[in-house]
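Have a look at the structure below, then the notes.
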Amino acid sequence: MTRPHVGHVPYGGSGIIRTCANPGQVALTFDDGPWVWTERIMDELEKYRSRGTFFITGHNLLLGRKIDDDETVYPELLRDMRKRGHQIGSHTWTHQHLGKISHAARVHEMVYNEMALRNVLGVVPTYMRPPYAEWRDRDVRADLDDLGYHIVMYNIDTKDFLHNGRDDIQASIDTFEDAVSKEGDGSYVVLCHDIREWTAKKLVPAMLRTIRERGYEAVTLGECLNDPEEFWYRDPEAGEEL
């Protein structure tokens, strides 16, 4: 598969994505899923006519599931995710520390996830987020550049993985509300995890209320970067963006 670099959004180490291009937009992003809470998050987004971006871990060893296992709900969940207008990116196959494994193992992590997403969606993504937010290694950036990926970080970390309790999740809500300008003129890429119960039940609804009350719009990452949707994915047969 050929992997051309198209459009204006930087690939690989030529520029790490941390924020939106447009004031007034918020990209809510979710790592590690899908899981049992993912559909609830999508339903919350739909209530506010909003869209999010989901960085998919194909074989989540902690959860014991693979996204292309037809005996599970996950293939249909991912197809529904894309049908609803959410963006899908890669969070690698098994969530490894990319800087601590070999070149061959890094390629394996990315390509196996591509294969699983191809099996389910018929496309592979051009956006990825490195596990553990580890992107600084020169070889990691070079490999992701060669594979044709945009590397996505964030400028708001809710740290919801530390606060997965009914009351404890308020710390993540406070982090978000403190970071987002009340003037409605900021631009944010927000890190959350759709495998967390109280992210789905309390954090996401609270963030969406704040976004609306402060005059923001919750959009996909590609939208907030002014990247046409046809550049978010590749045709695995041709290797070209759709």
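Lettering and numbering for the structure tokens are positional, with chains as A, B, ... in the shown order, residues counted from 1 in each chain, and ligands counted from 1 in the shown order.
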Per DSSP on the backbone, what are the strand (DSSP E or B) residues of region 111-228 of chain A, as a PyMOL selection string? chain A and resi 124-125+127-128+150-152+156-157+187-193+217-218
All residues 12 Å or closer to Pro228 (chain A), only C-alpha atoms, same chain fewer than 6 positions away omitted, as a PyMOL selection string: chain A and resi 6-9+87+220-222+241-242
Convert the current residue selection to file output with all heavy atoms, as a CSV table (one decimal), in the first residue's frame.
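Done, and the output landed in again-v3.csv:
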```csv
chain,number,residue,atom,x,y,z
A,6,VAL,N,-0.7,13.9,1.9
A,6,VAL,CA,-1.5,14.9,1.2
A,6,VAL,C,-2.1,15.9,2.1
A,6,VAL,O,-2.2,15.6,3.3
A,6,VAL,CB,-2.7,14.2,0.4
A,6,VAL,CG1,-2.1,13.2,-0.7
A,6,VAL,CG2,-3.6,13.4,1.3
A,7,GLY,N,-2.5,17.0,1.6
A,7,GLY,CA,-3.1,18.1,2.5
A,7,GLY,C,-2.0,18.8,3.2
A,7,GLY,O,-0.9,18.7,3.1
A,8,HIS,N,-2.5,19.7,4.1
A,8,HIS,CA,-1.7,20.7,4.8
A,8,HIS,C,-1.3,20.2,6.2
A,8,HIS,O,-0.4,20.8,6.8
A,8,HIS,CB,-2.3,22.1,4.9
A,8,HIS,CG,-3.6,22.1,5.7
A,8,HIS,ND1,-4.8,21.7,5.2
A,8,HIS,CD2,-3.8,22.4,7.0
A,8,HIS,CE1,-5.7,21.8,6.2
A,8,HIS,NE2,-5.1,22.2,7.3
A,9,VAL,N,-2.0,19.2,6.8
A,9,VAL,CA,-1.7,18.8,8.1
A,9,VAL,C,-0.4,18.0,8.2
A,9,VAL,O,-0.2,17.1,7.4
A,9,VAL,CB,-2.9,17.9,8.7
A,9,VAL,CG1,-2.6,17.5,10.1
A,9,VAL,CG2,-4.2,18.7,8.6
A,87,GLN,N,-14.8,10.5,13.9
A,87,GLN,CA,-13.6,10.2,13.3
A,87,GLN,C,-12.9,9.0,14.0
A,87,GLN,O,-13.0,9.0,15.2
A,87,GLN,CB,-12.7,11.4,13.2
A,87,GLN,CG,-11.4,11.2,12.4
A,87,GLN,CD,-10.5,12.4,12.3
A,87,GLN,OE1,-11.0,13.5,12.7
A,87,GLN,NE2,-9.3,12.3,11.8
A,220,THR,N,-14.9,16.9,15.1
A,220,THR,CA,-13.9,15.9,15.0
A,220,THR,C,-12.5,16.6,14.9
A,220,THR,O,-12.4,17.8,14.5
A,220,THR,CB,-14.1,15.1,13.7
A,220,THR,OG1,-14.0,15.9,12.6
A,220,THR,CG2,-15.4,14.3,13.7
A,221,LEU,N,-11.5,15.9,15.1
A,221,LEU,CA,-10.2,16.4,15.0
A,221,LEU,C,-9.9,16.9,13.5
A,221,LEU,O,-9.4,18.0,13.3
A,221,LEU,CB,-9.1,15.3,15.3
A,221,LEU,CG,-7.7,15.8,15.4
A,221,LEU,CD1,-7.5,16.8,16.5
A,221,LEU,CD2,-6.8,14.6,15.5
A,222,GLY,N,-10.3,16.1,12.5
A,222,GLY,CA,-10.1,16.6,11.2
A,222,GLY,C,-10.8,17.9,10.9
A,222,GLY,O,-10.2,18.8,10.2
A,241,GLU,N,-5.7,8.4,-0.2
A,241,GLU,CA,-6.8,8.9,0.6
A,241,GLU,C,-8.1,8.8,-0.2
A,241,GLU,O,-8.1,8.8,-1.4
A,241,GLU,CB,-6.5,10.3,1.0
A,241,GLU,CG,-5.6,10.5,2.2
A,241,GLU,CD,-4.1,10.1,1.9
A,241,GLU,OE1,-3.8,9.8,0.8
A,241,GLU,OE2,-3.3,10.1,2.9
A,242,LEU,N,-9.2,8.7,0.5
A,242,LEU,CA,-10.5,8.4,-0.1
A,242,LEU,C,-11.0,9.7,-0.9
A,242,LEU,O,-10.7,10.8,-0.6
A,242,LEU,CB,-11.5,8.0,0.9
A,242,LEU,CG,-11.1,6.7,1.7
A,242,LEU,CD1,-12.2,6.4,2.7
A,242,LEU,CD2,-11.0,5.6,0.7
```
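CA of Glu76 (chain A) is positioned 21.1 Å from CA of Glu229 (chain A).
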Leaving out region 50-66 of chain A and any residue of its chain fewer than 2 positions from it, which residues lie within 6 Å of it when counting only C-alpha atoms, given as JSON, numbers by chain? {"A": [28, 29, 30, 31, 32, 33, 45, 46, 48, 68, 69, 86, 87, 88, 89, 90, 91, 92, 93, 94, 113, 218, 219, 220]}
Compile the contact shell of region 186-199 of chain A as JSON, numbers by chain: residues with an atom at most 7 Å away, counting only C-alpha atoms, same-chain residues fewer than 5 positions apart removed. {"A": [18, 19, 20, 22, 23, 24, 25, 26, 27, 28, 29, 30, 31, 32, 33, 34, 35, 37, 38, 154, 155, 156, 157, 158, 160, 161, 164, 165, 166, 169, 180, 181, 204]}
Save the residues we just selected, C-alpha atoms, as an mmCIF file, in the first residue's frame?
```
data_model
loop_
_atom_site.group_PDB
_atom_site.id
_atom_site.type_symbol
_atom_site.label_atom_id
_atom_site.label_comp_id
_atom_site.auth_asym_id
_atom_site.auth_seq_id
_atom_site.Cartn_x
_atom_site.Cartn_y
_atom_site.Cartn_z
ATOM 1 C CA ARG A 18 -1.821 19.655 19.923
ATOM 2 C CA THR A 19 -4.643 22.081 19.217
ATOM 3 C CA CYS A 20 -7.308 23.024 16.719
ATOM 4 C CA ASN A 22 -10.009 27.339 14.558
ATOM 5 C CA PRO A 23 -10.909 29.398 17.639
ATOM 6 C CA GLY A 24 -14.179 28.280 19.175
ATOM 7 C CA GLN A 25 -13.734 24.588 18.381
ATOM 8 C CA VAL A 26 -13.082 21.660 20.713
ATOM 9 C CA ALA A 27 -12.006 18.193 19.576
ATOM 10 C CA LEU A 28 -12.984 15.645 22.211
ATOM 11 C CA THR A 29 -10.766 12.607 21.684
ATOM 12 C CA PHE A 30 -11.026 9.170 23.280
ATOM 13 C CA ASP A 31 -8.296 6.530 23.603
ATOM 14 C CA ASP A 32 -8.114 2.757 24.223
ATOM 15 C CA GLY A 33 -11.616 1.719 23.123
ATOM 16 C CA PRO A 34 -13.996 0.630 21.994
ATOM 17 C CA TRP A 35 -15.516 -0.805 25.144
ATOM 18 C CA TRP A 37 -19.019 2.640 27.573
ATOM 19 C CA THR A 38 -18.259 3.794 24.036
ATOM 20 C CA TYR A 154 -3.558 17.320 23.083
ATOM 21 C CA ASN A 155 -3.570 20.557 25.051
ATOM 22 C CA ILE A 156 -6.056 19.423 27.715
ATOM 23 C CA ASP A 157 -5.450 16.162 29.573
ATOM 24 C CA THR A 158 -8.481 15.345 31.741
ATOM 25 C CA ASP A 160 -9.770 10.626 33.652
ATOM 26 C CA PHE A 161 -7.769 7.398 33.932
ATOM 27 C CA ASN A 164 -12.686 6.705 37.634
ATOM 28 C CA GLY A 165 -15.178 7.067 40.459
ATOM 29 C CA ARG A 166 -18.591 8.705 40.862
ATOM 30 C CA ILE A 169 -14.327 12.190 38.326
ATOM 31 C CA VAL A 180 -11.386 26.173 28.620
ATOM 32 C CA SER A 181 -11.626 29.919 28.119
ATOM 33 C CA VAL A 204 -18.565 13.691 28.831
#
```
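Computed from the coordinates, the CA of Leu203 (chain A) to CA of Ala21 (chain A) distance equals 24.3 Å.
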Enumerate as a PyMOL selection string all residues of region 125-154 of chain A assigned to helix (DSSP H, G or I) by DSSP on the backbone, naming them with the chain letters and numbers the document uses. chain A and resi 131-133+138-146
Neighbours of Glu237 (chain A) within 10 Å (only C-alpha atoms; same-chain residues fewer than 3 positions away dropped), as a count of residues only? 7
